[in-house]
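This is run.cif (mmCIF, C-alpha atoms).
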```cif
data_structure
loop_
_atom_site.label_atom_id
_atom_site.label_comp_id
_atom_site.auth_asym_id
_atom_site.auth_seq_id
_atom_site.Cartn_x
_atom_site.Cartn_y
_atom_site.Cartn_z
CA MET A 1 8.81 13.81 3.91
CA SER A 2 12.04 14.74 5.71
CA SER A 3 13.51 18.23 5.36
CA ALA A 4 16.55 16.76 3.50
CA GLU A 5 14.26 15.16 0.94
CA GLN A 6 12.38 18.45 0.57
CA LEU A 7 15.66 20.26 -0.04
CA ILE A 8 16.74 17.75 -2.71
CA ARG A 9 13.34 18.06 -4.39
CA ARG A 10 13.59 21.84 -4.43
CA LEU A 11 17.12 21.74 -5.79
CA SER A 12 16.24 19.24 -8.51
CA ARG A 13 13.38 21.51 -9.53
CA TRP A 14 15.72 24.48 -10.00
CA LEU A 15 18.79 22.63 -11.28
CA PRO A 16 17.75 22.51 -14.96
CA CYS A 17 17.13 26.26 -14.92
CA GLY A 18 20.56 26.82 -13.36
CA LEU A 19 22.23 24.66 -16.00
CA LEU A 20 20.41 26.55 -18.75
CA VAL A 21 21.69 29.86 -17.43
CA ALA A 22 25.19 28.50 -16.86
CA ALA A 23 25.48 26.62 -20.14
CA PRO A 24 26.66 29.50 -22.35
CA ALA A 25 29.44 30.26 -19.86
CA PHE A 26 30.95 26.81 -20.35
CA ALA A 27 30.52 26.52 -24.10
CA GLY A 28 33.72 25.81 -26.04
CA GLU A 29 34.24 26.14 -29.79
CA THR A 30 30.95 25.90 -31.63
CA VAL A 31 30.92 25.54 -35.39
CA TYR A 32 27.58 26.75 -36.75
CA LEU A 33 28.64 26.58 -40.37
CA THR A 34 31.91 25.62 -42.05
CA THR A 35 33.51 27.98 -44.53
CA GLU A 36 32.73 25.51 -47.31
CA GLN A 37 29.04 25.35 -46.35
CA PHE A 38 28.85 29.14 -46.15
CA VAL A 39 30.38 29.56 -49.61
CA ALA A 40 28.23 26.78 -51.08
CA GLU A 41 25.06 28.37 -49.64
CA THR A 42 26.08 31.81 -50.90
CA PHE A 43 26.72 30.74 -54.47
CA ALA A 44 24.15 27.94 -54.67
CA ASP A 45 26.83 25.29 -55.17
CA LYS A 46 28.37 27.10 -58.17
CA THR A 47 31.34 28.12 -56.09
CA PRO A 48 33.52 30.58 -57.97
CA ARG A 49 37.29 30.49 -57.86
CA ILE A 50 39.05 31.88 -54.84
CA GLU A 51 40.27 35.42 -55.39
CA LEU A 52 42.98 37.23 -53.49
CA LEU A 53 43.09 40.68 -52.00
CA TRP A 54 46.58 41.77 -51.03
CA VAL A 55 46.56 43.90 -47.92
CA THR A 56 48.98 46.57 -49.07
CA LYS A 57 50.34 49.30 -46.83
CA ASP A 58 47.48 51.73 -47.58
CA VAL A 59 44.81 49.06 -47.23
CA SER A 60 46.44 47.84 -44.03
CA ALA A 61 46.41 51.38 -42.59
CA GLN A 62 42.66 51.77 -43.17
CA ALA A 63 41.96 48.21 -42.00
CA SER A 64 43.94 48.96 -38.82
CA HIS A 65 41.78 52.03 -38.31
CA ILE A 66 38.65 49.89 -38.63
CA LEU A 67 39.86 47.01 -36.46
CA GLY A 68 41.83 48.97 -33.90
CA HIS A 69 44.81 46.74 -34.67
CA ALA A 70 46.74 45.59 -37.73
CA PRO A 71 44.90 43.06 -39.90
CA PRO A 72 46.15 39.55 -39.08
CA GLN A 73 47.24 38.56 -42.58
CA LEU A 74 48.63 40.09 -45.74
CA ARG A 75 46.59 38.00 -48.15
CA GLN A 76 42.82 37.89 -47.81
CA ARG A 77 41.00 35.19 -49.76
CA TYR A 78 37.45 35.77 -50.92
CA TRP A 79 34.93 34.43 -53.39
CA SER A 80 33.20 36.49 -56.02
CA ASP A 81 30.91 35.73 -58.96
CA GLY A 82 31.01 39.32 -60.16
CA ALA A 83 27.67 40.30 -58.62
CA LYS A 84 28.44 39.54 -54.99
CA SER A 85 31.44 38.62 -52.89
CA ALA A 86 31.81 36.39 -49.82
CA TRP A 87 34.31 37.08 -47.07
CA VAL A 88 35.30 34.94 -44.11
CA LEU A 89 36.96 36.97 -41.38
CA GLU A 90 38.17 36.42 -37.85
CA GLU A 91 38.22 38.85 -34.98
CA ILE A 92 38.72 38.46 -31.26
CA GLY A 93 35.71 39.36 -29.11
CA LYS A 94 37.24 39.17 -25.67
CA GLU A 95 39.85 36.42 -25.80
CA GLU A 96 39.08 34.04 -28.64
CA PRO A 97 38.56 34.68 -32.35
CA ILE A 98 35.06 34.67 -33.76
CA THR A 99 34.84 33.47 -37.37
CA ALA A 100 32.12 35.17 -39.40
CA GLY A 101 31.05 35.13 -43.03
CA PHE A 102 29.74 38.14 -44.95
CA VAL A 103 28.11 38.39 -48.33
CA VAL A 104 28.43 41.82 -49.94
CA ARG A 105 26.42 42.97 -52.94
CA ASP A 106 26.60 46.49 -54.39
CA GLY A 107 28.59 47.73 -51.41
CA ARG A 108 26.00 46.56 -48.89
CA ILE A 109 25.80 43.54 -46.64
CA GLU A 110 23.44 40.96 -48.05
CA GLN A 111 24.02 38.42 -45.34
CA ALA A 112 26.10 38.07 -42.16
CA ARG A 113 26.66 34.73 -40.46
CA VAL A 114 28.62 33.57 -37.44
CA LEU A 115 30.52 30.50 -38.59
CA THR A 116 32.49 29.56 -35.48
CA TYR A 117 32.11 30.96 -31.99
CA ARG A 118 34.81 30.30 -29.40
CA GLU A 119 34.19 32.79 -26.58
CA SER A 120 32.65 31.61 -23.32
CA ARG A 121 29.95 34.31 -23.38
CA GLY A 122 28.11 36.20 -26.08
CA MET A 123 27.15 33.35 -28.40
CA GLU A 124 23.75 35.01 -28.80
CA ILE A 125 25.24 36.94 -31.73
CA HIS A 126 24.76 33.89 -33.92
CA TYR A 127 20.97 34.13 -33.73
CA PRO A 128 19.35 35.24 -37.03
CA VAL A 129 17.25 37.82 -35.17
CA PHE A 130 20.47 39.66 -34.34
CA LEU A 131 22.31 39.03 -37.61
CA LYS A 132 19.47 40.18 -39.88
CA GLN A 133 20.09 43.72 -38.60
CA TYR A 134 23.23 43.77 -40.77
CA ALA A 135 21.33 43.18 -44.00
CA GLY A 136 21.43 46.30 -46.16
CA THR A 137 24.17 47.93 -44.11
CA GLY A 138 26.81 49.92 -45.94
CA LEU A 139 29.88 51.97 -45.08
CA ALA A 140 29.45 55.59 -44.04
CA PRO A 141 32.10 58.10 -45.23
CA ASP A 142 33.92 57.74 -41.88
CA TYR A 143 34.09 53.94 -42.42
CA ARG A 144 31.47 53.26 -39.76
CA LEU A 145 28.25 51.41 -40.51
CA ASP A 146 25.53 53.62 -41.92
CA LYS A 147 22.89 51.85 -39.85
CA ASN A 148 22.57 51.44 -36.11
CA ILE A 149 22.94 47.89 -34.82
CA ASP A 150 21.20 47.07 -31.56
CA GLY A 151 23.52 45.36 -29.10
CA ILE A 152 22.93 42.39 -26.85
CA SER A 153 23.46 42.79 -23.12
CA GLY A 154 26.18 40.44 -21.94
CA ALA A 155 27.58 40.11 -25.46
CA THR A 156 28.94 43.63 -25.93
CA LEU A 157 32.46 42.60 -26.96
CA SER A 158 31.20 39.99 -29.43
CA VAL A 159 28.77 42.51 -30.94
CA ARG A 160 31.62 45.01 -31.32
CA ALA A 161 33.83 42.36 -32.94
CA MET A 162 31.00 41.56 -35.34
CA GLU A 163 30.62 45.23 -36.20
CA ARG A 164 34.36 45.60 -36.89
CA MET A 165 34.33 42.55 -39.15
CA THR A 166 31.30 43.89 -41.02
CA ARG A 167 33.06 47.20 -41.64
CA LEU A 168 36.19 45.34 -42.77
CA ALA A 169 34.23 43.12 -45.17
CA LEU A 170 32.60 46.19 -46.73
CA TYR A 171 35.94 47.97 -46.95
CA TYR A 172 37.72 44.96 -48.47
CA ASP A 173 34.88 44.56 -50.97
CA ARG A 174 35.26 48.21 -51.98
CA ILE A 175 39.02 47.74 -52.47
CA ALA A 176 38.49 44.50 -54.40
CA HIS A 177 36.10 46.31 -56.78
CA ALA A 178 38.51 49.23 -57.16
CA ASN A 179 41.34 46.81 -58.02
CA LYS A 180 39.37 45.21 -60.85
CA MET B 1 46.65 48.22 42.53
CA SER B 2 44.06 45.51 42.11
CA ALA B 3 44.71 42.35 40.14
CA ARG B 4 42.11 43.43 37.57
CA THR B 5 43.85 46.77 36.97
CA ARG B 6 47.19 45.01 36.64
CA LEU B 7 45.65 42.65 34.08
CA ILE B 8 44.29 45.53 32.05
CA ARG B 9 47.64 47.31 32.11
CA LEU B 10 49.41 44.15 31.03
CA LEU B 11 46.88 43.66 28.29
CA ARG B 12 47.23 47.26 27.05
CA HIS B 13 51.03 46.93 27.16
CA TRP B 14 51.15 43.73 25.08
CA HIS B 15 48.25 44.75 22.85
CA ALA B 16 50.27 47.81 21.79
CA ARG B 17 53.58 45.97 21.39
CA ILE B 18 52.21 43.06 19.44
CA GLY B 19 50.12 45.47 17.38
CA VAL B 20 53.18 47.50 16.39
CA LEU B 21 55.32 44.43 15.74
CA THR B 22 52.75 42.80 13.49
CA ALA B 23 51.38 45.98 11.90
CA LEU B 24 53.49 45.48 8.79
CA LEU B 25 52.16 41.97 8.29
CA PHE B 26 48.57 43.15 8.76
CA LEU B 27 49.17 45.93 6.31
CA PHE B 28 50.56 43.48 3.82
CA LEU B 29 47.65 41.06 4.30
CA ALA B 30 45.16 43.88 3.82
CA VAL B 31 46.86 45.29 0.71
CA SER B 32 47.38 41.89 -0.93
CA GLY B 33 43.80 40.93 -0.07
CA ILE B 34 42.46 44.07 -1.74
CA ALA B 35 44.70 43.43 -4.77
CA LEU B 36 43.43 39.85 -5.08
CA ASN B 37 39.86 41.08 -4.85
CA HIS B 38 40.48 43.25 -7.90
CA THR B 39 42.58 40.88 -10.00
CA ASP B 40 40.80 41.75 -13.24
CA ALA B 41 40.93 45.51 -12.79
CA LEU B 42 44.61 45.42 -11.83
CA ARG B 43 45.32 42.83 -14.56
CA LEU B 44 47.33 40.76 -12.09
CA ASP B 45 46.73 37.65 -14.16
CA GLN B 46 48.27 39.30 -17.23
CA ARG B 47 51.34 40.90 -15.67
CA LYS B 48 54.28 38.53 -15.78
CA VAL B 49 57.10 38.41 -13.27
CA SER B 50 60.34 36.82 -14.41
CA ALA B 51 62.88 37.93 -11.78
CA HIS B 52 65.65 35.34 -11.92
CA TRP B 53 65.93 34.88 -8.12
CA LEU B 54 62.17 34.49 -7.74
CA MET B 55 61.94 31.91 -10.53
CA ARG B 56 64.80 29.98 -8.89
CA TRP B 57 62.91 30.17 -5.59
CA TYR B 58 59.94 28.57 -7.36
CA GLY B 59 62.26 25.96 -8.87
CA LEU B 60 61.65 27.14 -12.45
CA LYS B 61 64.64 26.87 -14.75
CA THR B 62 65.18 28.42 -18.14
CA GLU B 63 64.64 25.74 -20.75
CA GLY B 64 64.70 27.15 -24.24
CA PRO B 65 64.10 24.80 -27.16
CA MET B 66 67.22 23.01 -28.45
CA GLN B 67 65.74 21.85 -31.76
CA GLY B 68 63.82 23.34 -34.62
CA TYR B 69 63.69 23.68 -38.40
CA LEU B 70 66.49 25.41 -40.25
CA PHE B 71 66.17 27.66 -43.30
CA ASP B 72 69.02 28.90 -45.48
CA HIS B 73 69.02 32.10 -43.44
CA GLY B 74 67.12 31.55 -40.26
CA TYR B 75 65.35 29.06 -38.09
CA PHE B 76 61.96 28.17 -36.71
CA SER B 77 61.37 26.70 -33.28
CA TRP B 78 58.69 26.55 -30.61
CA SER B 79 58.17 26.15 -26.91
CA GLY B 80 54.83 24.95 -25.67
CA ARG B 81 52.29 26.75 -27.82
CA GLN B 82 54.61 29.62 -28.79
CA TRP B 83 56.19 29.75 -32.22
CA VAL B 84 59.45 31.57 -32.80
CA MET B 85 61.03 32.49 -36.13
CA ASP B 86 64.48 34.06 -36.19
CA GLY B 87 64.14 35.18 -32.58
CA ARG B 88 60.63 36.66 -32.98
CA VAL B 89 57.55 35.17 -31.38
CA ILE B 90 55.16 34.92 -34.31
CA GLY B 91 52.20 33.10 -32.88
CA ALA B 92 50.74 30.92 -30.22
CA GLU B 93 49.60 27.68 -31.78
CA GLU B 94 49.94 23.95 -31.33
CA PRO B 95 53.39 22.42 -31.99
CA PRO B 96 54.02 22.32 -35.75
CA LEU B 97 54.48 19.08 -37.62
CA GLY B 98 56.80 20.59 -40.21
CA VAL B 99 58.18 23.78 -41.66
CA ALA B 100 59.45 24.49 -45.17
CA GLU B 101 60.66 27.49 -47.15
CA VAL B 102 59.68 27.81 -50.79
CA ALA B 103 60.35 30.86 -52.98
CA GLY B 104 60.74 33.23 -50.05
CA THR B 105 57.62 32.06 -48.23
CA ARG B 106 57.88 30.04 -45.07
CA TYR B 107 55.17 27.42 -44.61
CA VAL B 108 54.36 26.12 -41.13
CA ALA B 109 52.07 23.11 -40.98
CA THR B 110 49.89 21.76 -38.20
CA ALA B 111 47.55 18.81 -38.68
CA SER B 112 44.64 21.08 -39.64
CA ALA B 113 46.20 24.26 -41.02
CA LEU B 114 49.00 25.64 -43.12
CA TYR B 115 50.42 29.05 -42.19
CA LEU B 116 52.28 31.18 -44.73
CA TYR B 117 54.82 33.63 -43.36
CA LEU B 118 57.21 36.14 -44.86
CA PRO B 119 60.78 35.84 -43.55
CA ASP B 120 60.18 38.98 -41.45
CA GLY B 121 57.50 37.12 -39.49
CA ARG B 122 54.39 38.68 -41.09
CA LEU B 123 51.54 36.24 -41.65
CA VAL B 124 50.52 36.09 -45.28
CA ASP B 125 47.69 33.59 -45.02
CA LYS B 126 46.30 30.75 -42.97
CA LEU B 127 44.93 27.86 -45.01
CA GLN B 128 42.53 25.35 -43.56
CA GLY B 129 39.51 23.27 -44.49
CA ALA B 130 38.78 23.32 -48.21
CA ALA B 131 41.78 25.57 -48.86
CA LEU B 132 43.94 22.48 -48.23
CA PRO B 133 44.00 19.51 -50.59
CA ALA B 134 43.16 17.12 -47.71
CA THR B 135 43.48 16.89 -43.94
CA PRO B 136 44.99 16.01 -41.60
CA LEU B 137 48.37 17.08 -42.85
CA ARG B 138 51.02 14.54 -41.92
CA ARG B 139 54.27 15.97 -43.28
CA ILE B 140 55.46 18.97 -45.16
CA GLY B 141 58.48 19.38 -47.41
CA SER B 142 59.83 21.09 -50.49
CA ARG B 143 61.26 20.19 -53.86
CA GLY B 144 62.59 23.07 -55.90
CA ALA B 145 59.86 25.70 -56.21
CA TRP B 146 57.17 23.32 -54.97
CA LEU B 147 55.74 22.90 -51.54
CA LEU B 148 54.75 19.32 -50.74
CA VAL B 149 52.23 18.14 -48.20
CA ASP B 150 51.62 14.54 -47.23
CA THR B 151 48.01 13.65 -46.37
CA PRO B 152 46.01 10.43 -45.99
CA GLN B 153 44.77 11.06 -49.57
CA GLY B 154 48.30 11.24 -50.92
CA VAL B 155 51.01 13.77 -51.60
CA PHE B 156 50.08 17.17 -53.06
CA ALA B 157 52.22 19.97 -54.43
CA SER B 158 51.64 23.70 -54.69
CA SER B 159 53.72 26.70 -55.66
CA ASP B 160 51.62 29.31 -53.83
CA GLY B 161 49.38 27.49 -51.34
CA LEU B 162 46.35 28.12 -53.56
CA ALA B 163 46.35 25.52 -56.33
CA TRP B 164 47.27 21.94 -55.44
CA ARG B 165 48.06 19.01 -57.65
CA PRO B 166 48.54 15.36 -56.72
CA GLN B 167 52.06 13.99 -56.78
CA GLN B 168 53.77 10.64 -56.88
CA GLN B 169 55.11 9.58 -53.51
CA ALA B 170 58.08 11.84 -52.84
CA ALA B 171 61.55 10.78 -51.79
CA LYS B 172 62.32 10.68 -48.10
CA ASP B 173 64.76 13.55 -48.13
CA VAL B 174 62.23 16.18 -49.25
CA TRP B 175 60.35 16.14 -45.98
CA ALA B 176 61.13 18.66 -43.25
CA HIS B 177 62.68 17.23 -40.13
CA VAL B 178 63.66 18.63 -36.78
CA GLN B 179 67.33 19.49 -36.39
CA PRO B 180 69.53 20.73 -33.55
CA LEU B 181 69.59 24.52 -33.50
CA PRO B 182 72.86 26.46 -33.79
CA LEU B 183 74.36 27.59 -30.47
CA GLN B 184 73.56 31.26 -31.10
CA ALA B 185 69.90 30.49 -31.76
CA ARG B 186 69.74 28.31 -28.62
CA ARG B 187 71.16 31.14 -26.53
CA HIS B 188 68.69 33.59 -28.01
CA LEU B 189 65.78 31.25 -27.34
CA ALA B 190 66.94 30.61 -23.77
CA ALA B 191 66.82 34.37 -23.18
CA LEU B 192 63.42 34.58 -24.88
CA PHE B 193 61.85 31.77 -22.88
CA VAL B 194 62.90 32.95 -19.43
CA PRO B 195 60.35 31.39 -17.10
CA SER B 196 57.75 33.73 -15.69
CA LEU B 197 54.69 33.61 -13.47
CA PRO B 198 51.59 35.78 -13.39
CA LEU B 199 51.74 38.42 -10.68
CA GLU B 200 48.42 37.09 -9.37
CA ARG B 201 50.06 33.78 -8.48
CA ILE B 202 52.88 35.50 -6.58
CA VAL B 203 50.55 37.83 -4.65
CA LEU B 204 48.32 34.85 -3.84
CA ASP B 205 51.29 32.83 -2.59
CA LEU B 206 52.49 35.79 -0.52
CA HIS B 207 49.01 36.34 0.89
CA SER B 208 48.63 32.68 1.87
CA GLY B 209 52.28 32.33 2.96
CA ARG B 210 52.96 29.53 0.47
CA LEU B 211 55.81 31.53 -1.02
CA PHE B 212 57.75 30.91 2.20
CA GLY B 213 57.63 27.17 1.81
CA ARG B 214 55.89 24.42 3.71
CA HIS B 215 55.63 26.40 6.94
CA GLY B 216 54.54 29.66 5.29
CA PRO B 217 50.80 28.98 5.64
CA LEU B 218 51.38 28.23 9.34
CA LEU B 219 53.08 31.63 9.73
CA MET B 220 50.10 33.34 8.09
CA ASP B 221 47.71 31.32 10.26
CA THR B 222 49.65 32.53 13.32
CA VAL B 223 49.41 36.13 12.06
CA ALA B 224 45.66 35.67 11.53
CA GLY B 225 45.40 34.23 15.07
CA ILE B 226 47.28 37.23 16.48
CA LEU B 227 44.97 39.58 14.56
CA LEU B 228 42.03 37.74 16.13
CA LEU B 229 43.50 38.09 19.63
CA LEU B 230 44.30 41.77 19.07
CA SER B 231 40.77 42.41 17.88
CA LEU B 232 39.32 40.70 20.95
CA SER B 233 41.70 42.42 23.38
CA GLY B 234 41.11 45.76 21.65
CA VAL B 235 37.34 45.38 21.95
CA TRP B 236 37.68 44.39 25.59
CA ILE B 237 39.97 47.34 26.41
CA TYR B 238 37.60 49.71 24.66
CA TRP B 239 34.57 48.22 26.38
CA ARG B 240 36.29 48.61 29.82
CA SER B 241 37.18 52.24 29.15
CA VAL B 242 33.62 53.03 28.02
CA ARG B 243 32.19 51.39 31.13
CA LYS B 244 34.54 53.40 33.39
CA ARG B 245 33.29 56.67 31.92
#
```
Would you put the structure from the file into C-alpha cells?
Amino acid sequence: MSSAEQLIRRLSRWLPCGLLVAAPAFAGETVYLTTEQFVAETFADKTPRIELLWVTKDVSAQASHILGHAPPQLRQRYWSDGAKSAWVLEEIGKEEPITAGFVVRDGRIEQARVLTYRESRGMEIHYPVFLKQYAGTGLAPDYRLDKNIDGISGATLSVRAMERMTRLALYYDRIAHANK
Amino acid sequence: MSARTRLIRLLRHWHARIGVLTALLFLFLAVSGIALNHTDALRLDQRKVSAHWLMRWYGLKTEGPMQGYLFDHGYFSWSGRQWVMDGRVIGAEEPPLGVAEVAGTRYVATASALYLYLPDGRLVDKLQGAALPATPLRRIGSRGAWLLVDTPQGVFASSDGLAWRPQQQAAKDVWAHVQPLPLQARRHLAALFVPSLPLERIVLDLHSGRLFGRHGPLLMDTVAGILLLLSLSGVWIYWRSVRKR
C-alpha cells in the first residue's frame, strides 16, 4: 500500500470523530419543542387560556436586575390552570436568543425545557440530565436560585442565560400570583 | 581598505538608512498584526468606523430608505435588517411585509411573527406560532379599531393581538402599503444609515495594503521583502562583528 493510500485510510478513520466534535460548532437553529407542544405537554392537552402579565415599571426594574438588561417586552404571555403556570422566555446566551419553557408550581420550578437553541456552541444545555437540576428550584430572598446548578464546560454563557430565565420565570410567577 | 571591508561599510550604511526609513512601516505592520491577533479582545469586529472620507474611499455611499409606512404621527421604515420607527432603531429583523396602527399600538408583521410596539418604540409583545390565527402572514391592515391580517386560511381580525376572529374578505384599501417618506424623514434616515465598516476590516486592509488600492499589496510585499533583507544583512553584520572579536 502506498504512503498516500495509508494517509487517506488514516484520515478516513479519524474524520467521523472530527465531524462529531465539530458538529455542535456549526449547528444553526434547532427546535427541540414548539411552544404549542410545550404547553400541550404541560397541561395534558387541556390548554388553559393565555394570561397576560404586564411588565410595569417596578416589575421591569426587578426583571432588569435579574437579567442584567431591561426585559425585552412589556407584555408577557403565560398559561396557568391555577395550580401551575407555564412561561416561555427568550434570552441571549452569547449572540443568539435561546427559547426556554418553564413550569412553575408553588413558587418552584417543576420543569425546565430548552425549546429552541440558536447559538453555535453550548447546545448541551438541552439535555435532560442538565435540565433536571432545575426541578424544585425556587427564588432566594436576593432573587438568586436557592439551589446550586452545575455548569457545563464550553456552555458557560448558555448555562448563565438559562439561570437568568429560570429566575425570571419564578419572579414573574410570583408577581402573577400577587396580582390575582 | 580591502574590498570586503568596503562591502561591509556599504552594507552597514544602507542597512541603517533603509532601517530608519522603513521603521515606521515595520512598526505599523507589527502593531496592526498584534491588533489582528487579538480581534476578539479588542472588539475590532464590533467597533464601527463611519468617517465620511474613508467611506468614500471605499466607495460606500449613504443610501437611507426612501419609502416606508406612514402613521398619523410618525413613520416606520427599514434598511436591510434594521427597523426604524420615528427615527429610532427598534430592532434588527427581516424586512416587514406590512405595518399598521390600531388604537395606539403599532403592529409590524413579518411572514412568521407580529410585533406590537408602543409609539415610543417599546416592544409590547411578539406573537408567533399558535398566538397567530394562521401563518404565513401575507398582509396586514386596519379597519377602525380592528387589526386585520391576511393569511392562506383567510382574513382574521383582532383588537388586541390576543383574540382573533375570521372576517369576510376585506376591501383593498384597508391593507398597509409602502409609501414615499416625507423629506424630513428621508433626511433623518440618511443620517442614521451612514455607511460604516468594522474596524477589523480597516486594520486588515491597512495591514495587507489593500486600503491603498490595487498596488497596495505590492507595496506591503516590498516592505516585507525589505524587512527580509534587513534581517539577513543584520544577521550577517552581527556575525562578522562576533567573528572579529
Which distance in Å separates atom CA of A:Gly122 and atom CA of A:Asp150, to one decimal?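 For atom CA of A:Gly122 relative to atom CA of A:Asp150, the distance reads 14.0 Å.
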Quote the spacing between atom CA of B:Leu127 and atom CA of A:Ala176 in Å to one decimal place.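 If I compute the distance from atom CA of B:Leu127 to atom CA of A:Ala176, I get 20.2 Å.
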Suppose a student applies the PyMOL selection byres ((chain B) within 12 of (chain A)) to this structure; what residues should they get, written as a list in words?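 That expression, the PyMOL selection byres ((chain B) within 12 of (chain A)), corresponds here to Ile90, Gly91, Tyr115, Leu116, Tyr117, Leu118, Gly121, Arg122, Leu123, Val124, Asp125, Lys126, Leu127, Gln128, Gly129, Ala130, Ala131, Leu132, Asp160, Gly161, Leu162 and Ala163 of chain B.
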Go ahead and compute the interatomic distance for atom CA of B:Leu197 and atom CA of B:Met55, in Å to one decimal.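 Interatomic distance, atom CA of B:Leu197 to atom CA of B:Met55: 8.0 Å.
Near B:His188, within a cut-off of 12 Å and counting all atoms listed in the file, sit the residues B:Thr62, B:Glu63, B:Gly64, B:Pro65, B:Met66, B:Tyr75, B:Ser77, B:Val84, B:Met85, B:Asp86, B:Gly87, B:Arg88, B:Val89, B:Leu181, B:Pro182, B:Leu183, B:Gln184, B:Leu192, B:Phe193, B:Val194, with same-chain residues fewer than 4 positions away left out.
In terms of minimum interatomic distance to A:Gly28, A:Ser120 ranks closest within A:Asn148, A:Thr166, A:Thr137, A:Ser120, counting all atoms listed in the file.
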Selected residue, from B:Leu36, B:Leu42, B:Leu25, B:Leu54, that lies nearest to B:Pro195 when counting all atoms listed in the file: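 The answer is B:Leu54, which sits nearest to B:Pro195.
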